[in-house]
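Chemist: Take a look at final_38.cif, mmCIF, C-alpha atoms and all ligand atoms:
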data_input
loop_
_atom_site.label_atom_id
_atom_site.label_comp_id
_atom_site.auth_asym_id
_atom_site.auth_seq_id
_atom_site.Cartn_x
_atom_site.Cartn_y
_atom_site.Cartn_z
CA MET E 1 201.28 74.06 71.21
CA ALA E 2 204.43 74.03 69.09
CA ASP E 3 207.56 74.66 71.10
CA LEU E 4 210.76 76.64 70.83
CA GLU E 5 213.07 73.62 70.61
CA ASN E 6 216.68 74.83 70.32
CA ARG E 7 215.61 78.45 69.66
CA LYS E 8 218.43 80.68 70.95
CA ILE E 9 216.81 83.54 72.81
CA LEU E 10 218.75 86.47 74.13
CA LEU E 11 216.69 87.87 76.98
CA GLY E 12 217.38 91.51 77.81
CA VAL E 13 216.19 92.52 81.27
CA THR E 14 215.93 96.23 82.03
CA GLY E 15 215.36 98.10 85.27
CA GLY E 16 211.69 97.84 86.12
CA ILE E 17 209.88 96.17 88.99
CA ALA E 18 208.73 93.45 86.55
CA ALA E 19 212.37 92.32 86.28
CA TYR E 20 211.55 89.75 88.95
CA LYS E 21 209.11 88.11 86.46
CA GLY E 22 212.15 87.54 84.23
CA ILE E 23 213.07 84.55 86.39
CA GLU E 24 209.74 82.84 85.63
CA LEU E 25 210.04 83.88 81.98
CA VAL E 26 213.42 82.14 81.64
CA ARG E 27 212.01 79.03 83.33
CA ARG E 28 209.01 78.91 80.97
CA LEU E 29 211.15 79.54 77.87
CA ARG E 30 213.39 76.63 78.84
CA GLU E 31 210.34 74.42 79.45
CA VAL E 32 209.39 74.82 75.78
CA GLY E 33 212.90 73.97 74.62
CA ALA E 34 214.58 77.38 74.19
CA ARG E 35 218.17 78.15 75.10
CA VAL E 36 218.26 81.42 76.99
CA ARG E 37 221.14 83.79 77.63
CA VAL E 38 220.41 86.80 79.81
CA VAL E 39 221.81 90.31 79.47
CA MET E 40 220.93 92.74 82.26
CA THR E 41 221.12 96.52 82.34
CA SER E 42 222.55 98.23 85.42
CA GLY E 43 218.98 99.17 86.41
CA ALA E 44 217.86 95.53 86.26
CA ARG E 45 220.62 94.57 88.69
CA ARG E 46 218.94 96.78 91.30
CA PHE E 47 215.86 94.52 91.20
CA VAL E 48 217.26 91.00 90.60
CA THR E 49 220.71 89.47 90.90
CA ALA E 50 222.68 88.06 87.99
CA GLN E 51 223.13 84.87 90.06
CA SER E 52 219.37 84.22 90.01
CA PHE E 53 219.28 84.45 86.19
CA GLN E 54 222.41 82.33 85.90
CA ALA E 55 220.82 79.65 88.08
CA VAL E 56 217.58 79.43 86.03
CA SER E 57 219.16 79.84 82.59
CA GLY E 58 222.17 77.59 83.15
CA GLU E 59 224.22 80.15 81.18
CA ALA E 60 226.59 82.94 82.18
CA VAL E 61 224.81 86.29 82.54
CA ARG E 62 226.33 89.40 80.93
CA ASP E 63 225.74 92.91 82.19
CA ASP E 64 228.74 94.94 81.18
CA LEU E 65 229.91 96.17 77.79
CA TRP E 66 233.32 96.77 79.38
CA ASP E 67 233.83 93.22 80.67
CA ALA E 68 237.52 92.85 79.67
CA GLU E 69 237.49 89.04 79.61
CA ALA E 70 234.34 88.60 77.50
CA GLU E 71 235.14 91.53 75.23
CA ALA E 72 238.65 90.22 74.47
CA ALA E 73 236.81 87.97 71.97
CA MET E 74 234.29 90.71 70.97
CA GLY E 75 231.70 89.07 73.23
CA HIS E 76 228.90 91.50 72.34
CA ILE E 77 229.18 90.75 68.62
CA GLU E 78 229.36 87.02 69.34
CA LEU E 79 226.18 87.32 71.45
CA ALA E 80 224.44 89.40 68.77
CA ARG E 81 225.23 86.69 66.19
CA TRP E 82 224.32 83.84 68.55
CA ALA E 83 220.72 84.97 69.02
CA ASP E 84 217.87 83.65 66.86
CA GLN E 85 215.67 86.14 68.63
CA VAL E 86 216.15 89.04 71.04
CA LEU E 87 213.47 89.54 73.67
CA VAL E 88 213.58 92.56 75.97
CA ALA E 89 211.32 91.92 78.96
CA PRO E 90 210.63 94.00 80.87
CA ALA E 91 211.45 96.97 78.66
CA THR E 92 211.33 100.31 80.46
CA ALA E 93 210.32 103.61 78.84
CA ASP E 94 213.96 104.64 78.99
CA PHE E 95 215.15 101.51 77.17
CA ILE E 96 212.44 101.87 74.49
CA ALA E 97 213.56 105.48 73.96
CA ARG E 98 217.20 104.44 73.65
CA LEU E 99 216.27 101.65 71.22
CA ALA E 100 214.24 104.09 69.10
CA ALA E 101 217.15 106.53 69.04
CA GLY E 102 219.56 103.77 67.96
CA MET E 103 221.79 104.33 70.98
CA ALA E 104 224.52 101.89 71.98
CA ASN E 105 225.48 103.11 75.42
CA ASP E 106 225.31 99.82 77.29
CA LEU E 107 225.63 96.13 76.45
CA LEU E 108 221.94 95.48 75.77
CA SER E 109 221.35 98.49 73.50
CA THR E 110 224.59 97.70 71.64
CA LEU E 111 223.43 94.11 71.08
CA CYS E 112 220.05 95.27 69.76
CA LEU E 113 221.84 97.51 67.28
CA ALA E 114 224.35 94.82 66.27
CA THR E 115 221.98 91.90 65.75
CA ASP E 116 220.23 90.66 62.61
CA ALA E 117 217.79 88.69 64.76
CA PRO E 118 214.22 89.92 65.21
CA VAL E 119 213.82 92.12 68.29
CA TRP E 120 210.72 91.74 70.47
CA VAL E 121 209.84 94.01 73.32
CA ALA E 122 207.53 93.53 76.30
CA PRO E 123 207.06 97.02 77.78
CA SER E 124 206.58 97.64 81.49
CA MET E 125 205.95 101.05 82.97
CA ASN E 126 203.50 103.34 84.73
CA ARG E 127 200.33 103.93 82.65
CA VAL E 128 200.99 107.67 82.22
CA MET E 129 204.52 106.97 81.00
CA TRP E 130 203.12 104.45 78.50
CA ALA E 131 200.49 106.92 77.27
CA ASN E 132 203.00 109.78 77.01
CA PRO E 133 203.26 110.95 73.37
CA ALA E 134 207.05 110.56 73.55
CA THR E 135 206.75 106.87 74.43
CA GLN E 136 204.02 106.32 71.85
CA ALA E 137 206.13 108.01 69.15
CA ASN E 138 209.07 105.75 70.08
CA VAL E 139 206.84 102.66 69.86
CA ARG E 140 205.51 103.68 66.42
CA GLN E 141 209.02 104.39 65.23
CA LEU E 142 210.21 100.95 66.39
CA GLU E 143 207.21 99.22 64.80
CA THR E 144 208.18 100.72 61.45
CA ARG E 145 211.60 99.14 62.01
CA ASP E 146 210.16 95.65 62.51
CA VAL E 147 210.35 95.58 66.30
CA THR E 148 207.44 93.49 67.63
CA PHE E 149 205.64 94.56 70.80
CA ILE E 150 204.02 92.13 73.20
CA GLY E 151 201.63 94.01 75.44
CA PRO E 152 201.69 95.92 77.69
CA ALA E 153 198.77 94.56 79.70
CA SER E 154 196.23 96.48 81.71
CA GLY E 155 195.71 96.08 85.46
CA ASP E 156 197.07 96.97 88.90
CA GLN E 157 200.46 98.59 88.77
CA ALA E 158 203.29 98.52 91.31
CA CYS E 159 202.86 102.29 91.80
CA GLY E 160 199.29 101.74 93.03
CA GLU E 161 197.64 102.98 89.84
CA VAL E 162 195.47 100.92 87.50
CA GLY E 163 195.82 101.01 83.71
CA LEU E 164 197.75 99.98 80.63
CA GLY E 165 201.46 99.53 81.18
CA ARG E 166 202.21 96.38 83.17
CA MET E 167 204.32 93.70 81.55
CA SER E 168 202.41 90.84 79.93
CA GLU E 169 202.54 87.66 81.98
CA PRO E 170 205.49 85.34 81.22
CA ALA E 171 203.06 82.67 79.91
CA GLU E 172 201.56 85.17 77.44
CA ILE E 173 205.01 86.26 76.27
CA VAL E 174 206.06 82.65 75.69
CA ALA E 175 202.78 81.95 73.83
CA ALA E 176 203.41 84.96 71.57
CA LEU E 177 206.91 83.69 70.78
CA VAL E 178 205.60 80.21 70.06
CA ASP E 179 202.98 81.62 67.69
CA GLY E 180 205.75 83.40 65.83
CA GLY E 181 204.66 87.01 65.98
CA SER E 182 202.52 88.61 68.67
CA GLY E 183 200.07 85.77 68.19
CA VAL E 184 199.94 86.32 64.43
CA VAL E 185 198.32 83.27 62.85
CA GLN E 186 200.24 81.85 59.86
CA SER E 187 197.17 82.43 57.71
CA LEU E 188 199.08 82.99 54.47
CA ALA E 189 201.73 80.29 54.88
CA GLY E 190 202.90 79.07 51.46
CA ARG E 191 201.20 81.96 49.62
CA HIS E 192 202.93 84.48 47.39
CA VAL E 193 201.71 88.01 48.08
CA LEU E 194 202.53 90.77 45.60
CA ILE E 195 202.17 94.33 46.89
CA THR E 196 202.61 97.77 45.32
CA ALA E 197 203.50 100.70 47.57
CA GLY E 198 204.46 104.35 47.52
CA PRO E 199 203.98 106.99 44.82
CA THR E 200 205.08 106.94 41.21
CA ARG E 201 206.96 109.78 39.53
CA GLU E 202 206.06 110.80 36.00
CA ARG E 203 208.81 112.69 34.29
CA ILE E 204 208.17 116.22 32.93
CA ASP E 205 211.81 116.96 32.13
CA PRO E 206 215.13 115.74 33.62
CA VAL E 207 214.60 117.73 36.85
CA ARG E 208 210.81 117.76 37.36
CA TYR E 209 208.07 115.19 37.80
CA ILE E 210 204.40 114.69 38.69
CA SER E 211 203.88 112.73 41.92
CA ASN E 212 201.86 112.66 45.16
CA HIS E 213 202.22 112.53 48.94
CA SER E 214 202.32 108.74 49.41
CA SER E 215 205.10 107.73 51.82
CA GLY E 216 204.77 103.98 51.27
CA LYS E 217 204.07 103.42 54.98
CA MET E 218 200.74 101.64 54.41
CA GLY E 219 202.14 99.29 51.75
CA TYR E 220 205.28 98.53 53.74
CA ALA E 221 203.19 97.77 56.84
CA ILE E 222 201.11 95.34 54.77
CA ALA E 223 204.30 93.70 53.51
CA ARG E 224 205.45 93.23 57.12
CA ALA E 225 202.09 91.82 58.17
CA ALA E 226 202.05 89.41 55.21
CA VAL E 227 205.54 88.13 56.14
CA ALA E 228 204.39 87.67 59.73
CA ALA E 229 201.43 85.66 58.41
CA GLY E 230 203.86 83.29 56.68
CA ALA E 231 203.67 84.59 53.09
CA ARG E 232 206.46 85.02 50.55
CA VAL E 233 206.25 88.72 49.74
CA THR E 234 207.27 90.73 46.68
CA LEU E 235 207.03 94.47 47.21
CA VAL E 236 207.07 96.66 44.10
CA SER E 237 207.93 100.05 45.50
CA GLY E 238 207.89 103.58 44.17
CA PRO E 239 210.49 106.03 45.52
CA VAL E 240 210.15 106.15 49.34
CA ALA E 241 212.46 106.70 52.31
CA LEU E 242 211.69 103.42 54.09
CA ALA E 243 213.86 100.44 54.93
CA THR E 244 212.97 97.14 53.28
CA PRO E 245 211.03 95.01 55.80
CA ARG E 246 212.74 91.81 56.89
CA GLY E 247 212.04 88.85 54.61
CA VAL E 248 210.58 90.95 51.78
CA ASP E 249 211.77 90.83 48.18
CA ARG E 250 211.73 94.49 47.08
CA VAL E 251 211.71 95.75 43.48
CA ASN E 252 212.32 99.49 43.10
CA VAL E 253 210.54 101.41 40.35
CA GLU E 254 209.90 105.04 39.59
CA SER E 255 207.13 105.49 37.02
CA ALA E 256 203.71 103.87 36.55
CA ALA E 257 205.01 102.16 33.39
CA GLN E 258 207.91 100.62 35.35
CA MET E 259 205.56 99.56 38.15
CA HIS E 260 203.24 97.97 35.58
CA ARG E 261 206.18 95.99 34.13
CA ALA E 262 207.53 94.89 37.52
CA VAL E 263 204.07 93.75 38.65
CA HIS E 264 203.55 91.66 35.52
CA ASP E 265 207.06 90.16 35.93
CA ALA E 266 206.11 88.92 39.40
CA VAL E 267 202.39 88.20 39.18
CA GLY E 268 202.70 84.77 37.48
CA ASP E 269 202.64 82.71 40.68
CA ALA E 270 201.08 85.31 42.98
CA ASP E 271 198.11 84.20 45.08
CA VAL E 272 197.27 87.69 46.30
CA PHE E 273 197.80 91.14 44.76
CA ILE E 274 197.42 94.16 47.04
CA ALA E 275 197.59 97.52 45.25
CA THR E 276 198.45 100.09 47.91
CA ALA E 277 200.49 102.34 45.62
CA ALA E 278 199.25 105.80 44.77
CA VAL E 279 199.93 105.46 41.06
CA ALA E 280 199.86 108.71 39.10
CA ASP E 281 196.79 108.58 36.85
CA HIS E 282 198.40 110.82 34.21
CA ARG E 283 201.84 111.41 32.76
CA PRO E 284 203.26 113.90 30.26
CA VAL E 285 202.84 112.60 26.72
CA ALA E 286 206.30 113.80 25.71
CA PRO E 287 208.74 114.42 28.58
CA ALA E 288 211.28 117.07 27.57
CA ALA E 289 214.84 115.87 26.96
CA HIS E 290 216.23 119.05 28.57
CA LYS E 291 215.11 121.28 31.43
CA ILE E 292 212.13 123.37 30.32
CA LYS E 293 213.15 127.05 30.30
CA LYS E 294 211.07 130.04 31.41
CA THR E 295 210.23 131.34 27.96
CA GLY E 296 206.75 132.72 28.62
CA ASP E 297 204.14 133.21 31.34
CA SER E 298 202.70 129.75 31.02
CA VAL E 299 203.67 126.25 30.02
CA THR E 300 201.24 123.70 28.66
CA LEU E 301 201.74 120.06 29.49
CA THR E 302 199.76 117.47 27.56
CA LEU E 303 199.01 114.47 29.74
CA GLU E 304 197.91 110.96 28.92
CA GLN E 305 196.57 108.21 31.15
CA THR E 306 199.02 105.79 32.76
CA PRO E 307 198.32 102.06 32.51
CA ASP E 308 195.85 100.89 35.19
CA ILE E 309 198.02 98.27 36.88
CA LEU E 310 195.31 96.85 39.10
CA ALA E 311 192.76 96.49 36.30
CA SER E 312 195.40 94.86 34.10
CA VAL E 313 196.03 92.23 36.79
CA THR E 314 192.34 91.39 37.30
CA ALA E 315 192.00 91.07 33.51
CA LEU E 316 194.50 88.19 33.51
CA PRO E 317 192.99 84.76 32.82
CA ALA E 318 194.29 83.53 36.21
CA SER E 319 194.10 86.62 38.37
CA PRO E 320 195.31 86.42 41.96
CA PHE E 321 192.94 87.45 44.77
CA ALA E 322 192.94 91.20 44.05
CA VAL E 323 192.71 93.92 46.69
CA GLY E 324 192.60 97.59 45.71
CA PHE E 325 192.78 100.75 47.78
CA ALA E 326 190.57 103.74 47.10
CA ALA E 327 192.01 107.04 48.28
CA GLU E 328 189.23 109.63 48.25
CA THR E 329 188.64 113.01 49.85
CA ARG E 330 184.81 112.66 49.94
CA ASP E 331 182.07 110.02 49.44
CA VAL E 332 184.86 107.54 50.16
CA GLU E 333 182.79 104.35 50.46
CA LEU E 334 180.61 105.18 47.46
CA TYR E 335 183.62 105.70 45.17
CA ALA E 336 185.30 102.63 46.64
CA GLU E 337 182.26 100.47 45.79
CA GLN E 338 182.32 101.81 42.23
CA LYS E 339 186.03 100.91 41.91
CA LEU E 340 185.39 97.45 43.37
CA LYS E 341 183.03 96.75 40.45
CA LYS E 342 184.81 98.71 37.73
CA LYS E 343 188.22 97.13 38.41
CA ASN E 344 186.66 93.70 39.03
CA LEU E 345 188.24 93.33 42.50
CA ASP E 346 187.75 90.81 45.28
CA MET E 347 188.07 93.50 47.91
CA ILE E 348 188.70 97.22 48.25
CA VAL E 349 190.01 99.31 51.12
CA ALA E 350 188.26 102.67 51.31
CA ASN E 351 190.71 105.23 52.62
CA ARG E 352 189.76 108.84 53.29
CA VAL E 353 192.70 111.11 52.51
CA GLY E 354 193.40 114.83 52.50
CA GLU E 355 193.39 117.36 55.28
CA ASP E 356 191.53 117.01 58.57
CA ASP E 357 191.77 120.14 60.79
CA GLY E 358 194.96 121.08 58.96
CA GLN E 359 196.45 117.61 59.53
CA MET E 360 197.15 115.21 56.67
CA VAL E 361 195.19 111.94 56.98
CA GLY E 362 195.94 108.74 55.10
CA PHE E 363 199.01 109.99 53.24
CA GLY E 364 202.31 110.08 55.12
CA THR E 365 200.91 109.47 58.60
CA ASP E 366 201.73 106.58 60.95
CA GLU E 367 198.04 105.94 61.59
CA ASN E 368 195.09 105.34 59.32
CA ALA E 369 191.39 104.43 59.45
CA VAL E 370 189.73 102.45 56.66
CA THR E 371 186.69 100.43 55.64
CA VAL E 372 187.26 97.11 53.91
CA ILE E 373 184.53 96.32 51.36
CA TRP E 374 183.81 93.15 49.37
CA SER E 375 180.82 92.09 47.26
CA ASP E 376 178.55 91.08 50.15
CA GLY E 377 180.19 92.49 53.23
CA ARG E 378 182.27 95.18 54.83
CA GLN E 379 184.31 95.80 57.95
CA VAL E 380 185.22 99.13 59.50
CA LEU E 381 188.77 99.28 60.86
CA PRO E 382 188.93 102.29 63.21
CA ARG E 383 191.96 104.53 63.59
CA ALA E 384 195.10 102.58 64.56
CA THR E 385 198.74 102.34 63.51
CA LYS E 386 199.20 101.31 59.90
CA LEU E 387 200.95 98.14 61.09
CA SER E 388 198.05 97.17 63.31
CA LEU E 389 195.56 97.83 60.46
CA ALA E 390 197.80 95.82 58.13
CA HIS E 391 197.59 92.79 60.43
CA GLU E 392 193.79 93.12 60.49
CA LEU E 393 193.61 93.49 56.72
CA ILE E 394 195.78 90.41 56.15
CA ALA E 395 193.52 88.43 58.50
CA ILE E 396 190.42 89.56 56.54
CA ILE E 397 192.06 88.67 53.21
CA ALA E 398 192.97 85.18 54.50
CA GLU E 399 189.40 84.72 55.79
CA ARG E 400 187.83 85.81 52.48
CA MET E 401 190.20 83.57 50.50
CA ALA E 402 189.23 80.64 52.71
CA ALA E 403 185.53 81.53 52.36
CA THR E 404 185.73 81.61 48.57
CA GLY E 405 187.57 78.29 48.66
CA SER E 406 190.66 79.27 46.76
CA ALA E 407 193.57 81.68 46.52
CA ARG E 408 192.31 82.44 43.06
CA SER E 409 189.50 84.83 42.46
CA ASN E 410 185.85 83.82 42.30
CA ARG E 411 184.92 87.08 40.64
CA SER E 412 182.65 86.96 37.67
CA ALA E 413 184.50 87.71 34.46
O1 LIG X 501 201.76 105.56 51.33
P1 LIG X 501 201.11 106.19 52.56
O2 LIG X 501 201.65 107.56 52.87
O3 LIG X 501 201.15 105.27 53.75
O4 LIG X 501 199.57 106.41 52.22
C1 LIG X 501 198.74 105.32 51.99
C2 LIG X 501 197.77 105.58 50.84
C3 LIG X 501 196.81 106.68 51.24
C4 LIG X 501 198.52 105.97 49.56
C5 LIG X 501 197.02 104.22 50.62
O5 LIG X 501 196.36 103.83 51.79
C6 LIG X 501 196.01 104.31 49.50
O6 LIG X 501 194.86 104.68 49.69
N1 LIG X 501 196.45 103.92 48.26
C7 LIG X 501 195.68 104.01 47.02
C8 LIG X 501 195.87 105.36 46.43
C9 LIG X 501 195.21 105.55 45.09
O7 LIG X 501 195.88 105.90 44.18
O8 LIG X 501 193.96 105.24 44.99
P2 LIG X 501 193.13 105.38 43.59
O9 LIG X 501 191.74 105.51 44.05
O10 LIG X 501 193.68 106.47 42.74
O11 LIG X 501 193.38 104.01 42.84
C10 LIG X 501 192.56 102.86 43.05
C11 LIG X 501 193.37 101.60 43.01
O12 LIG X 501 193.92 101.39 41.70
C12 LIG X 501 194.56 101.60 43.94
O13 LIG X 501 194.65 100.32 44.50
C13 LIG X 501 195.76 101.91 43.05
O14 LIG X 501 196.96 101.30 43.53
C14 LIG X 501 195.32 101.28 41.73
N2 LIG X 501 195.85 101.96 40.54
C15 LIG X 501 195.50 103.25 40.27
C16 LIG X 501 195.95 103.85 39.10
C17 LIG X 501 196.78 103.12 38.23
N3 LIG X 501 197.25 103.68 37.11
N4 LIG X 501 197.09 101.85 38.52
C18 LIG X 501 196.65 101.26 39.65
O15 LIG X 501 196.96 100.10 39.91
#
Using the file provided, produce a representation of the structure as structure tokens.
Modeler:
Amino acid sequence: MADLENRKILLGVTGGIAAYKGIELVRRLREVGARVRVVMTSGARRFVTAQSFQAVSGEAVRDDLWDAEAEAAMGHIELARWADQVLVAPATADFIARLAAGMANDLLSTLCLATDAPVWVAPSMNRVMWANPATQANVRQLETRDVTFIGPASGDQACGEVGLGRMSEPAEIVAALVDGGSGVVQSLAGRHVLITAGPTRERIDPVRYISNHSSGKMGYAIARAAVAAGARVTLVSGPVALATPRGVDRVNVESAAQMHRAVHDAVGDADVFIATAAVADHRPVAPAAHKIKKTGDSVTLTLEQTPDILASVTALPASPFAVGFAAETRDVELYAEQKLKKKNLDMIVANRVGEDDGQMVGFGTDENAVTVIWSDGRQVLPRATKLSLAHELIAIIAERMAATGSARSNRSA
């Protein structure tokens, strides 16, 4: 097992019964070479003393944003900069909610807001609190902001109940940190992954455009998962309201033509191309130079096809491993199989979209459910967060690339 030699870990301990496991966690982190500084919330101090953490970490423990001596030198900013990684374990439901809301009302939450370091969270709470939609919404929100969750685990709880919510064991938390991302295998280390995400906008006149409901969430989740798997990632993004994931090189575009250009600028050394974007299939032939006025009852727009970006990539003499998405409202897998062949892809992700009992599925949601299809196999990925599906998809892509013996495509021309 690789170790955490000289990794500077800021361990945040919040007020749950599992705080006592923090002592063993510090000991195990130091065994694998990490330097650990502990920050406790006021709730944590009710379960464990600062002296215990000081003794096992060999470092001063901080628990107060208003510590005059430490803050004379802006101690919280110094700590936020010091950390290579922030780990909050145990993290209570209250702390997770404060983190999701971006609050800075104690030292630990302020540090999490002020740091550039990756933030990892090991939740610990009663199973009903964990399952509560408010907690689940906070977790999803944090996942979209690159916070990594370890656990929780299932089992006996301090309150006498049994279920999902107890903190993962210190050994599991350390193993996850050593692996570099919730146990994410570095399956794409050294690879360049090019991804398209979001919608495109096709101009009708200076104030109107043709577009669709894509939020970019699926593509951005895939970008995050590819980074976690060790890849260099270029994300060509249509207009979305999402933050750029850590470690991703983002190129902003608006129209299909711009996306086509940006993809071909970056595809030269790409090993994998994943086309998640919902590219408009048609655009006005002649966008108006000025706002179209209401001169009659109807307006006629003449549309032409946009360039098929994905097909243009697989037509290259040295195409990367190409993965398409097929967004369909019916006969999803059938249409996806047709696109797999027609666009000459290595793999396609069949994604049912549209309305389900009045609720949008696929587009805009935090969760998705897809079937991954390749020439002689398929795998159903049941409903889960887009980030969790993205990790599974990246693992399947790495497996298929290994099976075909190369990053480059083995498709027939
Ligand atoms: O962004 P979200 O809100 O998270 O939603 C995710 C999603 C539903 C948009 C995503 O999961 C998805 O299914 N994306 C593909 C949408 C789509 O346009 O599918 P399509 O069947 O029209 O196109 C097939 C494939 O060709 C896609 O990989 C698409 O990116 C690509 N394409 C299509 C047209 C075009 N001109 N150029 C392309 O590259």
Chemist: Check which residues of chain E sit at most 7 Å from ligand LIG 501 (chain X) using only C-alpha atoms and all ligand atoms, and return one row each with the closest pair of atoms and their distance in Å to one decimal, ordered by chain and rising number, as CSV.
Modeler:
residue,atom,partner,partner_atom,distance
E:Thr196,CA,X:LIG501,O14,6.9
E:Ala197,CA,X:LIG501,O1,6.4
E:Gly198,CA,X:LIG501,O1,4.8
E:His213,CA,X:LIG501,O2,6.4
E:Ser214,CA,X:LIG501,O2,3.7
E:Ser215,CA,X:LIG501,O2,3.6
E:Gly216,CA,X:LIG501,O1,3.4
E:Lys217,CA,X:LIG501,O3,3.7
E:Met218,CA,X:LIG501,O3,3.7
E:Gly219,CA,X:LIG501,O1,6.3
E:Ala256,CA,X:LIG501,N3,6.5
E:Ala275,CA,X:LIG501,O13,4.1
E:Thr276,CA,X:LIG501,N1,4.3
E:Ala277,CA,X:LIG501,O14,4.2
E:Ala278,CA,X:LIG501,O7,3.4
E:Val279,CA,X:LIG501,C16,4.7
E:Ala280,CA,X:LIG501,N3,6.0
E:Asp281,CA,X:LIG501,N3,4.9
E:Thr306,CA,X:LIG501,N3,5.1
E:Pro307,CA,X:LIG501,N3,5.0
E:Asp308,CA,X:LIG501,N3,3.7
E:Ile309,CA,X:LIG501,O15,3.7
E:Leu310,CA,X:LIG501,O15,3.7
E:Ala311,CA,X:LIG501,O15,6.6
E:Gly324,CA,X:LIG501,O13,3.6
E:Phe325,CA,X:LIG501,O13,3.8
E:Ala326,CA,X:LIG501,O9,3.7
E:Ala327,CA,X:LIG501,O6,4.0
E:Glu328,CA,X:LIG501,O9,6.4
E:Lys339,CA,X:LIG501,C10,6.9
E:Asn351,CA,X:LIG501,O6,5.1
E:Val353,CA,X:LIG501,C3,6.2
E:Gly362,CA,X:LIG501,C3,4.5
E:Phe363,CA,X:LIG501,O2,3.6
E:Gly364,CA,X:LIG501,O2,3.4
E:Thr365,CA,X:LIG501,O2,6.1
Chemist: Determine the nearest neighbour of Gln186 of chain E from the options E:Ala114, E:Val207, E:Ala226, E:Ile173, counting all atoms listed in the file.
Modeler: E:Ala226
Chemist: With all atoms listed in the file as the atoms that count, which of E:Arg62, E:Arg81, E:Arg7, E:Arg45 lies nearest to Glu31 of chain E?
Modeler: E:Arg7
Chemist: Please compute the atom CA of Lys342 of chain E-atom CA of Ile195 of chain E distance, one decimal, in Å.
Modeler: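 Between these atoms lies a distance of 20.1 Å.
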Chemist: Name the residues in contact with Val285 of chain E at a cut-off of 7 Å, using only C-alpha atoms, excluding same-chain residues fewer than 2 positions from it; report them as a ChimeraX atom specification.
Modeler: /E:283,287,302-304
Chemist: Just C-alpha atoms for this one: save the residues we selected as a PDB file, keeping the file's coordinate frame.
Modeler:
ATOM      1  CA  ARG E 283     201.840 111.410  32.760  1.00  0.00           C
ATOM      2  CA  PRO E 287     208.740 114.420  28.580  1.00  0.00           C
ATOM      3  CA  THR E 302     199.760 117.470  27.560  1.00  0.00           C
ATOM      4  CA  LEU E 303     199.010 114.470  29.740  1.00  0.00           C
ATOM      5  CA  GLU E 304     197.910 110.960  28.920  1.00  0.00           C
TER       6      GLU E 304
END
Chemist: Give me the box for segment 319-338 of chain E as lines of an AutoDock Vina configuration file, namely the centre and edge lengths in Å to one decimal of a box along x, y and z that holds every listed atom plus 6 Å on each side.
Modeler:
center_x = 188.0
center_y = 99.7
center_z = 44.4
size_x = 26.7
size_y = 38.6
size_z = 24.1
Chemist: Excluding segment 100-109 of chain E and its own-chain neighbours fewer than 5 positions away, which residues fall within 12 Å of it when counting all atoms listed in the file? Please give them as a PyMOL selection string.
Modeler: chain E and resi 10-15+37-44+61-67+70-71+74-77+79-80+86-89+91+93-95+114-115+119+121+134-147
Chemist: Figure out the distance between atom CA of Ile274 of chain E and atom CA of Arg191 of chain E, please, to one decimal in Å.
Modeler: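 Straight-line distance from atom CA of Arg191 of chain E to atom CA of Ile274 of chain E works out to 13.0 Å.
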